[in-house]
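Q: This is the content of my_file12.txt (compact mmCIF, C-alpha atoms):
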```
# COMPACT_ATOMS: atom_id res chain seq x y z
CA MET K 1 89.92 134.51 120.93
CA PHE K 2 93.54 133.93 119.97
CA LEU K 3 93.34 130.42 121.43
CA PHE K 4 90.20 129.70 119.44
CA LEU K 5 91.74 130.87 116.17
CA LEU K 6 94.90 128.86 116.79
CA LEU K 7 92.92 125.71 117.57
CA ALA K 8 90.60 126.25 114.63
CA VAL K 9 93.46 126.65 112.18
CA VAL K 10 95.25 123.59 113.52
CA ALA K 11 92.06 121.52 113.49
CA VAL K 12 91.14 122.46 109.92
CA ALA K 13 94.69 121.93 108.69
CA ALA K 14 94.88 118.54 110.41
CA SER K 15 91.58 117.40 108.97
CA ILE K 16 92.53 118.46 105.45
CA ALA K 17 95.82 116.61 105.88
CA MET K 18 93.84 113.61 107.13
CA ILE K 19 91.70 113.28 104.01
CA THR K 20 94.60 113.88 101.63
CA ALA K 21 97.36 111.78 103.23
CA ARG K 22 98.43 108.82 101.10
CA ASN K 23 99.40 106.70 104.07
CA SER K 24 96.45 105.70 106.23
CA ILE K 25 98.56 105.66 109.40
CA HIS K 26 99.38 109.32 108.78
CA SER K 27 95.66 109.95 108.37
CA ALA K 28 94.99 108.34 111.73
CA LEU K 29 97.65 110.46 113.44
CA PHE K 30 96.30 113.67 111.89
CA LEU K 31 92.88 112.71 113.19
CA VAL K 32 94.37 112.39 116.69
CA VAL K 33 95.65 115.97 116.38
CA ASP K 34 92.13 116.96 115.43
CA PHE K 35 90.66 115.22 118.47
CA PHE K 36 93.10 117.02 120.76
CA CYS K 37 92.16 120.41 119.28
CA LEU K 38 88.49 119.63 119.80
CA ALA K 39 89.19 118.56 123.39
CA VAL K 40 90.74 121.93 124.14
CA LEU K 41 87.81 123.64 122.42
CA TYR K 42 85.49 121.73 124.76
CA LEU K 43 87.51 123.13 127.66
CA THR K 44 86.85 126.64 126.39
CA LEU K 45 83.15 125.75 126.36
CA ASN K 46 83.12 124.69 130.05
CA ALA K 47 82.72 121.04 129.07
CA GLU K 48 85.58 119.64 131.13
CA PHE K 49 84.31 116.09 131.41
CA LEU K 50 83.52 115.99 127.72
CA ALA K 51 87.10 117.06 126.98
CA ALA K 52 88.47 114.27 129.15
CA VAL K 53 86.16 111.72 127.54
CA GLN K 54 87.15 112.97 124.11
CA ILE K 55 90.78 112.19 124.82
CA VAL K 56 90.16 108.92 126.67
CA VAL K 57 87.69 107.46 124.16
CA TYR K 58 88.65 108.99 120.82
CA ALA K 59 92.38 109.52 121.08
CA GLY K 60 92.83 106.58 123.42
CA ALA K 61 90.55 103.78 122.35
CA ILE K 62 89.02 104.47 118.92
CA MET K 63 92.30 105.45 117.29
CA VAL K 64 94.07 102.42 118.75
CA LEU K 65 91.38 100.26 117.19
CA PHE K 66 91.85 102.09 113.88
CA LEU K 67 95.60 101.52 114.01
CA PHE K 68 95.13 97.82 114.75
CA VAL K 69 92.82 97.46 111.78
CA ILE K 70 95.16 99.46 109.52
CA THR K 71 98.05 97.20 110.44
CA LEU K 72 95.77 94.22 109.90
CA LEU K 73 94.67 95.31 106.42
CA ASN K 74 97.51 97.05 104.64
CA PRO K 75 100.86 96.61 106.29
CA GLY K 76 102.54 97.57 103.04
CA ASN K 77 101.03 100.35 101.07
CA GLU K 78 98.31 102.39 99.73
CA GLU K 79 95.54 102.79 97.27
CA THR K 80 97.16 103.16 93.89
CA ASP K 81 94.64 103.42 91.10
CA ASP K 82 91.87 105.93 90.97
CA ARG K 83 89.07 104.53 88.95
CA LEU K 84 86.70 107.43 89.42
CA ARG K 85 88.88 110.43 88.66
CA GLY K 86 85.95 112.65 87.82
CA GLN K 87 84.45 112.08 91.24
CA ARG K 88 86.98 114.21 93.06
CA PRO K 89 86.14 117.71 91.77
CA LEU K 90 82.46 116.91 92.01
CA ALA K 91 82.87 115.79 95.63
CA VAL K 92 84.77 118.93 96.57
CA ALA K 93 82.19 121.11 94.80
CA LEU K 94 79.32 119.42 96.62
CA GLY K 95 81.10 119.71 99.96
CA LEU K 96 81.76 123.40 99.43
CA ALA K 97 78.13 123.89 98.42
CA LEU K 98 77.15 122.41 101.80
CA LEU K 99 79.51 124.81 103.53
CA VAL K 100 78.11 127.79 101.64
CA GLU K 101 74.60 126.75 102.63
CA VAL K 102 75.51 126.69 106.31
CA ALA K 103 77.33 130.01 106.00
CA LEU K 104 74.30 131.62 104.34
CA LEU K 105 72.12 130.21 107.10
CA LEU K 106 74.36 131.71 109.77
CA ARG K 107 74.26 135.07 108.01
CA THR K 108 70.47 135.22 108.03
CA GLN K 109 69.43 137.87 110.50
CA ALA K 110 66.48 135.95 111.91
CA ILE K 111 68.67 132.98 112.72
CA ARG K 112 71.37 135.16 114.19
CA ASP K 113 68.84 136.78 116.49
CA ARG K 114 67.62 133.43 117.70
CA LEU K 115 71.11 132.08 118.23
CA GLY K 116 72.30 135.06 120.21
CA ASP K 117 75.75 134.69 121.70
CA PHE K 118 77.46 133.13 124.67
CA PRO K 119 76.27 134.46 128.01
CA PRO K 120 79.04 135.69 130.33
CA ALA K 121 81.26 132.91 131.60
CA THR K 122 80.29 133.10 135.26
CA SER K 123 76.61 132.57 134.71
CA PHE K 124 76.93 129.09 133.18
CA PHE K 125 77.49 126.99 136.25
CA GLU K 126 75.48 129.29 138.45
CA GLN K 127 72.45 128.63 136.30
CA VAL K 128 73.08 124.90 136.20
CA GLN K 129 73.61 124.91 139.95
CA THR K 130 70.46 126.83 140.57
CA ARG K 131 68.43 124.43 138.50
CA ILE K 132 69.86 121.39 140.26
CA ASN K 133 70.48 122.56 143.82
CA GLY K 134 67.90 125.29 144.06
CA THR K 135 70.62 127.61 145.23
CA PRO K 136 73.59 128.99 143.35
CA THR K 137 75.86 128.84 146.37
CA ALA K 138 76.54 125.13 146.83
CA PRO K 139 79.39 124.39 144.44
CA ILE K 140 78.91 121.69 141.87
CA GLY K 141 81.39 120.28 139.39
CA ASN K 142 80.92 119.54 135.74
CA VAL K 143 80.99 115.78 136.32
CA GLN K 144 78.35 116.02 139.05
CA ALA K 145 76.12 118.24 136.97
CA ILE K 146 76.40 115.91 134.00
CA GLY K 147 75.71 112.92 136.23
CA ILE K 148 72.54 114.46 137.58
CA GLU K 149 71.35 115.38 134.12
CA LEU K 150 72.29 111.97 132.73
CA PHE K 151 70.76 109.83 135.46
CA THR K 152 67.55 111.75 135.97
CA THR K 153 66.41 113.43 132.77
CA TYR K 154 68.10 111.05 130.36
CA VAL K 155 67.60 107.69 132.09
CA LEU K 156 65.99 106.01 129.12
CA PRO K 157 68.60 107.00 126.53
CA PHE K 158 71.21 105.91 129.05
CA GLU K 159 69.72 102.43 129.27
CA VAL K 160 69.36 102.29 125.50
CA VAL K 161 73.09 102.99 125.21
CA SER K 162 73.72 99.73 127.03
CA ILE K 163 71.64 97.90 124.41
CA VAL K 164 73.61 99.60 121.64
CA LEU K 165 76.86 98.56 123.27
CA LEU K 166 75.56 95.01 123.74
CA LEU K 167 74.77 94.85 120.04
CA ALA K 168 78.25 96.17 119.25
CA VAL K 169 79.80 93.36 121.34
CA ILE K 170 77.69 90.72 119.62
CA GLY K 171 78.34 92.19 116.18
CA ALA K 172 82.09 92.32 116.71
CA VAL K 173 82.23 88.76 118.03
CA VAL K 174 80.02 87.34 115.26
CA LEU K 175 81.83 89.16 112.45
CA ALA K 176 85.40 88.73 113.63
CA LYS K 177 85.08 85.34 115.27
CA ARG K 178 84.56 83.56 111.98
CA GLN K 179 88.13 84.34 111.03
CA LEU K 180 89.67 83.12 114.24
CA ARG K 181 89.78 79.52 113.23
CA MET O 1 88.42 129.47 134.16
CA LEU O 2 90.76 128.38 131.42
CA GLU O 3 93.66 129.90 133.35
CA SER O 4 93.53 126.97 135.75
CA TYR O 5 94.92 124.78 132.98
CA GLY O 6 98.15 126.80 133.02
CA PRO O 7 100.14 123.97 134.64
CA VAL O 8 99.00 121.59 131.89
CA LEU O 9 100.17 124.09 129.27
CA ILE O 10 103.53 124.44 131.03
CA LEU O 11 103.84 120.66 131.14
CA ILE O 12 103.10 120.38 127.42
CA LEU O 13 105.60 123.14 126.61
CA LEU O 14 108.29 121.60 128.82
CA SER O 15 107.86 118.12 127.40
CA SER O 16 107.90 119.32 123.80
CA ALA O 17 110.94 121.49 124.57
CA LEU O 18 112.68 118.44 126.04
CA ALA O 19 111.81 116.33 123.01
CA ALA O 20 113.03 119.06 120.64
CA LEU O 21 116.20 119.46 122.68
CA VAL O 22 117.02 115.74 122.71
CA LEU O 23 116.28 115.26 119.02
CA GLY O 24 118.04 118.49 118.05
CA LEU O 25 121.16 117.75 120.08
CA SER O 26 121.46 114.23 118.76
CA SER O 27 121.08 115.42 115.19
CA ILE O 28 123.69 118.16 115.71
CA MET O 29 126.22 116.23 117.74
CA GLY O 30 125.63 112.71 116.49
CA PRO O 31 127.72 111.11 113.77
CA ARG O 32 126.58 111.98 110.28
CA GLY O 33 127.12 109.20 107.79
CA LEU O 34 125.11 106.02 107.74
CA GLY O 35 127.68 103.29 108.03
CA ARG O 36 127.23 99.63 107.35
CA GLY O 37 124.49 98.25 109.55
CA ALA O 38 123.14 101.63 110.69
CA ARG O 39 119.93 100.99 108.85
CA ASP O 40 119.38 97.58 110.42
CA THR O 41 116.71 97.11 113.03
CA TYR O 42 119.31 96.04 115.59
CA GLU O 43 122.66 97.50 114.71
CA SER O 44 124.60 94.87 116.60
CA GLY O 45 122.07 92.22 117.42
CA ILE O 46 119.87 89.61 115.92
CA ILE O 47 119.38 89.93 112.17
CA PRO O 48 115.62 90.30 111.57
CA THR O 49 114.13 87.34 109.74
CA THR O 50 111.09 89.05 108.18
CA SER O 51 109.83 92.54 107.57
CA ALA O 52 108.30 94.29 110.56
CA ARG O 53 105.33 95.27 108.41
CA GLN O 54 103.46 92.04 108.87
CA ARG O 55 99.76 91.47 109.26
CA PHE O 56 98.69 91.71 112.83
CA PRO O 57 96.37 88.85 113.77
CA VAL O 58 92.64 89.58 113.96
CA ARG O 59 92.82 88.85 117.67
CA PHE O 60 94.32 92.26 118.39
CA ALA O 61 91.53 94.04 116.55
CA LEU O 62 88.86 91.93 118.24
CA LEU O 63 90.27 92.62 121.69
CA ALA O 64 90.51 96.34 120.89
CA MET O 65 86.85 96.29 119.80
CA LEU O 66 85.75 94.66 123.04
CA PHE O 67 87.96 97.05 125.01
CA LEU O 68 86.34 100.02 123.30
CA VAL O 69 82.85 98.88 124.29
CA PHE O 70 83.78 98.39 127.93
CA ASP O 71 85.70 101.66 127.88
CA ILE O 72 82.48 103.46 127.02
CA GLU O 73 80.78 101.59 129.86
CA VAL O 74 83.42 102.86 132.31
CA ILE O 75 82.98 106.42 131.03
CA PHE O 76 79.36 106.26 132.14
CA PHE O 77 80.45 105.00 135.57
CA TYR O 78 82.33 108.19 136.42
CA PRO O 79 79.41 110.63 136.74
CA TRP O 80 77.38 107.88 138.39
CA ALA O 81 80.03 107.28 141.05
CA VAL O 82 80.34 110.99 141.74
CA ILE O 83 76.64 111.46 142.47
CA PHE O 84 75.91 107.97 143.81
CA ARG O 85 74.82 109.22 147.25
CA ARG O 86 72.44 111.72 145.79
CA LEU O 87 70.73 109.13 143.61
CA GLY O 88 70.52 106.36 146.21
CA LEU O 89 68.66 103.16 145.42
CA TYR O 90 67.25 104.59 142.20
CA GLY O 91 70.73 105.10 140.78
CA LEU O 92 71.82 101.66 141.92
CA ILE O 93 68.96 99.94 140.09
CA GLU O 94 69.59 102.07 137.01
CA MET O 95 73.23 101.10 136.94
CA LEU O 96 72.51 97.42 137.67
CA LEU O 97 70.27 97.34 134.62
CA PHE O 98 72.99 98.95 132.54
CA ILE O 99 75.69 96.58 133.77
CA GLY O 100 73.34 93.61 133.52
CA LEU O 101 72.75 94.19 129.82
CA LEU O 102 76.43 94.62 129.13
CA PHE O 103 77.23 91.58 131.23
CA VAL O 104 75.16 89.54 128.79
CA GLY O 105 77.50 90.73 126.06
CA TYR O 106 80.52 89.92 128.18
CA ILE O 107 79.28 86.37 128.83
CA TYR O 108 78.52 85.97 125.13
CA ALA O 109 82.04 87.06 124.15
CA PHE O 110 83.49 84.83 126.84
CA LYS O 111 81.50 81.78 125.82
CA LYS O 112 82.36 82.28 122.14
CA GLY O 113 86.02 82.27 123.06
CA ALA O 114 86.64 85.81 121.87
CA LEU O 115 88.71 86.45 124.97
CA ASN O 116 90.90 83.36 124.68
CA TRP O 117 94.43 84.05 123.57
CA GLU O 118 95.62 80.43 123.47
CA MET G 1 85.96 134.19 124.20
CA ALA G 2 85.20 133.81 120.52
CA PRO G 3 81.59 134.49 119.50
CA LEU G 4 79.16 131.61 119.21
CA SER G 5 78.93 131.84 115.44
CA TYR G 6 82.68 131.19 115.13
CA TYR G 7 82.19 127.85 116.81
CA PHE G 8 79.41 127.01 114.39
CA ILE G 9 81.52 128.00 111.42
CA LEU G 10 84.39 125.82 112.64
CA SER G 11 81.96 122.98 113.17
CA ALA G 12 80.53 123.43 109.67
CA VAL G 13 83.99 123.53 108.11
CA LEU G 14 85.04 120.34 109.87
CA PHE G 15 81.80 118.66 108.87
CA THR G 16 82.36 119.70 105.25
CA ILE G 17 85.89 118.33 105.26
CA GLY G 18 84.52 115.09 106.64
CA THR G 19 81.91 114.92 103.88
CA ILE G 20 84.52 115.55 101.20
CA GLY G 21 86.71 112.90 102.77
CA VAL G 22 83.94 110.32 102.55
CA LEU G 23 83.32 111.24 98.92
CA ILE G 24 86.87 111.35 97.58
CA ARG G 25 88.58 108.46 99.33
CA LYS G 26 88.22 104.84 98.40
CA ASN G 27 89.95 103.41 101.44
CA PRO G 28 87.07 102.51 103.79
CA LEU G 29 89.23 103.14 106.85
CA ILE G 30 89.75 106.76 105.87
CA MET G 31 86.08 107.05 105.03
CA PHE G 32 85.38 105.86 108.57
CA MET G 33 87.79 108.40 110.00
CA SER G 34 86.00 111.12 108.03
CA ILE G 35 82.72 109.98 109.54
CA GLU G 36 84.30 110.26 112.98
CA LEU G 37 85.35 113.79 112.06
CA MET G 38 81.76 114.62 111.09
CA LEU G 39 80.44 113.25 114.38
CA ASN G 40 83.00 115.33 116.24
CA ALA G 41 81.96 118.44 114.36
CA ALA G 42 78.38 117.78 115.43
CA ASN G 43 79.56 117.31 119.02
CA LEU G 44 81.27 120.68 118.89
CA SER G 45 77.94 122.24 117.93
CA PHE G 46 76.20 120.44 120.77
CA ALA G 47 78.77 121.66 123.29
CA SER G 48 78.50 125.22 121.96
CA PHE G 49 74.72 125.11 122.27
CA ALA G 50 75.04 123.80 125.81
CA ARG G 51 77.25 126.72 126.70
CA ALA G 52 75.13 129.28 124.89
CA ARG G 53 71.83 128.11 126.38
CA ASN G 54 73.13 127.45 129.90
CA LEU G 55 71.84 123.90 129.61
CA LEU G 56 73.80 120.73 130.12
CA SER G 57 71.64 118.68 127.77
CA GLY G 58 73.96 119.43 124.87
CA GLN G 59 76.91 117.94 126.70
CA VAL G 60 74.92 114.87 127.73
CA ILE G 61 73.83 114.31 124.14
CA ALA G 62 77.46 114.62 123.08
CA PHE G 63 78.13 111.63 125.35
CA PHE G 64 75.44 109.63 123.64
CA VAL G 65 76.96 110.58 120.30
CA ILE G 66 80.34 109.34 121.50
CA ALA G 67 78.83 106.06 122.71
CA VAL G 68 76.99 105.48 119.44
CA ALA G 69 80.13 106.44 117.47
CA ALA G 70 82.10 103.85 119.39
CA ALA G 71 79.52 101.15 118.69
CA GLU G 72 79.47 102.17 115.02
CA VAL G 73 83.27 102.00 114.79
CA VAL G 74 83.31 98.55 116.39
CA VAL G 75 80.73 97.06 114.05
CA GLY G 76 82.00 98.92 110.98
CA LEU G 77 85.59 97.85 111.44
CA ALA G 78 84.47 94.28 112.10
CA ILE G 79 82.61 94.37 108.79
CA ILE G 80 85.67 95.78 107.01
CA VAL G 81 87.86 93.07 108.51
CA SER G 82 85.47 90.37 107.42
CA ILE G 83 85.14 91.80 103.89
CA PHE G 84 88.90 91.95 103.66
CA ARG G 85 89.20 88.35 104.78
CA SER G 86 86.78 87.14 102.15
CA ARG G 87 88.23 89.04 99.18
CA GLN G 88 91.71 90.27 100.13
CA SER G 89 90.96 93.86 99.21
CA VAL G 90 89.35 96.78 100.92
CA ASP G 91 88.69 99.03 97.98
CA VAL G 92 85.10 100.17 98.29
CA ASP G 93 84.57 99.90 94.54
CA ASP G 94 85.26 96.19 94.75
CA VAL G 95 82.43 95.69 97.19
CA SER G 96 79.65 96.94 94.97
CA MET G 97 77.66 93.72 94.96
CA LEU G 98 75.28 92.54 97.61
CA LYS G 99 76.16 88.92 96.96
CA GLY G 100 79.12 87.80 99.07
```
Starting from the file, give its structure as structure tokens.
A:
Amino acid sequence: MFLFLLLAVVAVAASIAMITARNSIHSALFLVVDFFCLAVLYLTLNAEFLAAVQIVVYAGAIMVLFLFVITLLNPGNEETDDRLRGQRPLAVALGLALLVEVALLLRTQAIRDRLGDFPPATSFFEQVQTRINGTPTAPIGNVQAIGIELFTTYVLPFEVVSIVLLLAVIGAVVLAKRQLR
Amino acid sequence: MLESYGPVLILILLSSALAALVLGLSSIMGPRGLGRGARDTYESGIIPTTSARQRFPVRFALLAMLFLVFDIEVIFFYPWAVIFRRLGLYGLIEMLLFIGLLFVGYIYAFKKGALNWE
Amino acid sequence: MAPLSYYFILSAVLFTIGTIGVLIRKNPLIMFMSIELMLNAANLSFASFARARNLLSGQVIAFFVIAVAAAEVVVGLAIIVSIFRSRQSVDVDDVSMLKG
């Protein structure tokens, strides 16, 4: 509980700092802090592989790409003028309205009943094991369980991911290649 | 279950303590004033010719983009490799399809010269 | 362990901050980072549901979200780079026309 509150406070503070920082490199670094907090939160949710992937992909690869593009675009400085001053309060108001909606939703009794709460910690992998192995005794790791789920139930989405990635390669080459010469 | 990450926590604490110690000691014990040349990039070396805040070439960004795509591909290899025996031929064909599609992208990038550094 | 609804509230707060970030910033890179934050908030919900329902599907879908987010970042940043190259500015208000 204490860990969750600590992580939540750090994550929210880092994300607010991210959207308000004047320097976009600072924004990127605050976002990395956010990703680390979320990775630890995934650990508390028994999603070990997801936590590792979060750090490897988000903190490792995506943020490096962001930093490369930031250094490519504005080595010097920052946005200076604000043409749409009136947009800011409106944006914050709309965002808070969204938050209030979700909070009201979570307070509704019918929804709370359906959501329930976390089952006790031990039962999670036992249940997953039982569904996959037929017996709760044979130990199974998070990576194995995810692999079985991914490569049996979700074969088609998995193959579609390769098409999405192929399109990303082609898009990046077509869009960025023009500038190479 | 989270207790098993205790060593990681200790490692994080130790490394941040070390960083704080090194930075703190050098700020306490180091010389104070900024003399002539202390603000230079190399205090007693080559005088920099241009600002360090230059544009990075697009090449870096393009390579990082391609790296990101193949990084995701590798992420999907891990669970596959762990349960390869259980899946057998079925898993092999699945993965060959996946790699095959991405290999098309790799050949495309290669042929377009996106991987040349010259 | 914190109750399930706490995780949802955190996820909603992060998502809201991401939305506000997209709306108030004019630097497209920071708008992109805010979108990443929103995707991460959604992933947190997926992981919480996976844990609450004793199903791994939520975690698997989080992987698909990560893969799609990566593809989106690649293409989006390539577009930003190419817009910047053609008009030397990345202010989103300058790119309000469809004609290049």
Q: When distances are computed from only C-alpha atoms, which of G:Ser86, G:Phe32, G:Ala50, G:Phe64 shows the smallest separation from chain O?
A: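 Among the listed residues, G:Phe64 lies closest to chain O.
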Q: For chain K against chain O, which residues fall within 9 Å using all atoms listed in the file, given as number ranges by chain?
A: K: 43-44, 46, 53, 56-57, 61-62, 64-69, 71-76, 121-122, 143-148, 150-152, 155, 158-163, 165-170, 172-174, 176-177, 179-180
Q: Draw an axis-aligned box over all listed atoms of range 21-34 of chain G, pad each side with 3 Å, and write its centre and edge lengths in Å, one decimal, as lines of an AutoDock Vina configuration file.
A:
```
center_x = 86.6
center_y = 107.7
center_z = 103.8
size_x = 12.6
size_y = 16.4
size_z = 18.4
```
Q: Kindly give the distance, in Å, that separates CA of Asn27 in chain G and CA of Ile70 in chain K, rounded to a single decimal.
A: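 CA of Asn27 in chain G sits 10.4 Å away from CA of Ile70 in chain K.
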Q: Between CA of Ile12 in chain O and CA of Leu25 in chain O, what is the spacing in Å?
A: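 Between CA of Leu25 in chain O and CA of Ile12 in chain O the gap is 19.7 Å.
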Q: Could you produce a table of the residues of chain G lying within 8 Å of chain K, with the nearest pair of atoms per residue and their separation in Å rounded to one decimal, using only C-alpha atoms, ordered by chain and increasing residue number, as a tab-separated table?
A:
```
residue	atom	partner	partner_atom	distance
G:Met1	CA	K:Met1	CA	5.1
G:Ala2	CA	K:Met1	CA	4.8
G:Pro3	CA	K:Asp117	CA	6.2
G:Leu4	CA	K:Asp117	CA	5.2
G:Ser5	CA	K:Leu106	CA	7.3
G:Ile9	CA	K:Ala103	CA	7.1
G:Leu10	CA	K:Ala8	CA	6.5
G:Ala12	CA	K:Leu99	CA	6.4
G:Val13	CA	K:Leu99	CA	6.5
G:Leu14	CA	K:Val12	CA	6.5
G:Thr16	CA	K:Gly95	CA	5.4
G:Ile17	CA	K:Ile16	CA	6.6
G:Gly18	CA	K:Ser15	CA	7.8
G:Thr19	CA	K:Gly95	CA	6.2
G:Ile20	CA	K:Gly95	CA	5.5
G:Gly21	CA	K:Ile19	CA	5.2
G:Leu23	CA	K:Ala91	CA	5.6
G:Ile24	CA	K:Arg88	CA	5.3
G:Arg25	CA	K:Ile19	CA	7.4
G:Lys26	CA	K:Glu79	CA	7.7
G:Asn27	CA	K:Glu79	CA	7.0
G:Leu29	CA	K:Ile70	CA	7.5
G:Ile30	CA	K:Ser24	CA	6.8
G:Met33	CA	K:Leu31	CA	7.4
G:Ser34	CA	K:Ile19	CA	7.3
G:Leu37	CA	K:Leu31	CA	7.7
G:Asn40	CA	K:Leu38	CA	7.8
G:Leu44	CA	K:Tyr42	CA	7.3
G:Ala47	CA	K:Leu45	CA	6.7
G:Ser48	CA	K:Leu45	CA	6.4
G:Arg51	CA	K:Leu45	CA	6.0
G:Ala52	CA	K:Phe118	CA	4.5
G:Arg53	CA	K:Phe118	CA	7.7
G:Asn54	CA	K:Phe124	CA	5.3
G:Leu55	CA	K:Val128	CA	6.8
G:Leu56	CA	K:Ile146	CA	6.7
G:Ser57	CA	K:Glu149	CA	7.2
G:Gln59	CA	K:Leu50	CA	7.0
G:Val60	CA	K:Leu150	CA	6.4
G:Ala62	CA	K:Leu50	CA	7.8
G:Phe63	CA	K:Leu50	CA	7.3
G:Phe64	CA	K:Val161	CA	7.2
G:Ala67	CA	K:Val161	CA	7.0
G:Val68	CA	K:Val164	CA	7.1
G:Ala70	CA	K:Ile62	CA	7.0
G:Ala71	CA	K:Ala168	CA	5.2
G:Glu72	CA	K:Ala168	CA	7.4
G:Val73	CA	K:Ile62	CA	7.5
G:Val74	CA	K:Ala168	CA	6.3
G:Val75	CA	K:Ala172	CA	5.6
G:Leu77	CA	K:Val69	CA	7.2
G:Ala78	CA	K:Ala172	CA	5.5
G:Ile79	CA	K:Leu175	CA	6.4
G:Val81	CA	K:Ala176	CA	7.1
G:Ser82	CA	K:Leu175	CA	6.3
G:Phe84	CA	K:Leu73	CA	7.2
G:Arg85	CA	K:Gln179	CA	7.5
G:Val90	CA	K:Leu73	CA	7.8
G:Asp91	CA	K:Glu79	CA	7.8
```
Q: Point out the residue among G:Met31, G:Ile66, G:Ile83, G:Met38 with the least atom-to-atom distance to chain O, counting all atoms listed in the file.
A: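 Using all atoms listed in the file, the shortest distance to chain O belongs to G:Ile66.
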Q: Rank G:Gly58, G:Tyr6, G:Asn43, G:Ala69 by their smallest atom-to-atom distance to chain O, using all atoms listed in the file, and report the top residue only.
A: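 Comparing G:Gly58, G:Tyr6, G:Asn43, G:Ala69 against chain O, the winner is G:Ala69.
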Q: Interatomic distance between CA of Gly6 in chain O and CA of Ala20 in chain O?
A: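 We find that CA of Gly6 in chain O and CA of Ala20 in chain O lie 20.8 Å from each other.
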Q: Can you rebuild range 49-60 of chain G with N, CA and C atoms and give it as a CSV table (one decimal), in the frame of the given file?
A:
```
chain,number,residue,atom,x,y,z
G,49,PHE,N,76.1,124.8,121.9
G,49,PHE,CA,74.7,125.1,122.3
G,49,PHE,C,74.5,125.0,123.8
G,50,ALA,N,75.2,124.0,124.4
G,50,ALA,CA,75.0,123.8,125.8
G,50,ALA,C,75.5,125.0,126.5
G,51,ARG,N,76.7,125.5,126.1
G,51,ARG,CA,77.2,126.7,126.7
G,51,ARG,C,76.4,128.0,126.5
G,52,ALA,N,75.9,128.1,125.2
G,52,ALA,CA,75.1,129.3,124.9
G,52,ALA,C,73.8,129.3,125.6
G,53,ARG,N,73.2,128.1,125.8
G,53,ARG,CA,71.8,128.1,126.4
G,53,ARG,C,71.8,127.9,127.9
G,54,ASN,N,73.0,127.8,128.5
G,54,ASN,CA,73.1,127.4,129.9
G,54,ASN,C,72.4,126.1,130.3
G,55,LEU,N,72.5,125.2,129.4
G,55,LEU,CA,71.8,123.9,129.6
G,55,LEU,C,72.9,122.8,129.5
G,56,LEU,N,72.8,121.8,130.3
G,56,LEU,CA,73.8,120.7,130.1
G,56,LEU,C,73.4,119.7,129.1
G,57,SER,N,72.1,119.7,128.7
G,57,SER,CA,71.6,118.7,127.8
G,57,SER,C,72.6,118.5,126.6
G,58,GLY,N,73.1,119.6,126.0
G,58,GLY,CA,74.0,119.4,124.9
G,58,GLY,C,75.2,118.6,125.2
G,59,GLN,N,75.7,118.8,126.4
G,59,GLN,CA,76.9,117.9,126.7
G,59,GLN,C,76.5,116.5,126.9
G,60,VAL,N,75.3,116.3,127.5
G,60,VAL,CA,74.9,114.9,127.7
G,60,VAL,C,74.7,114.2,126.4
```
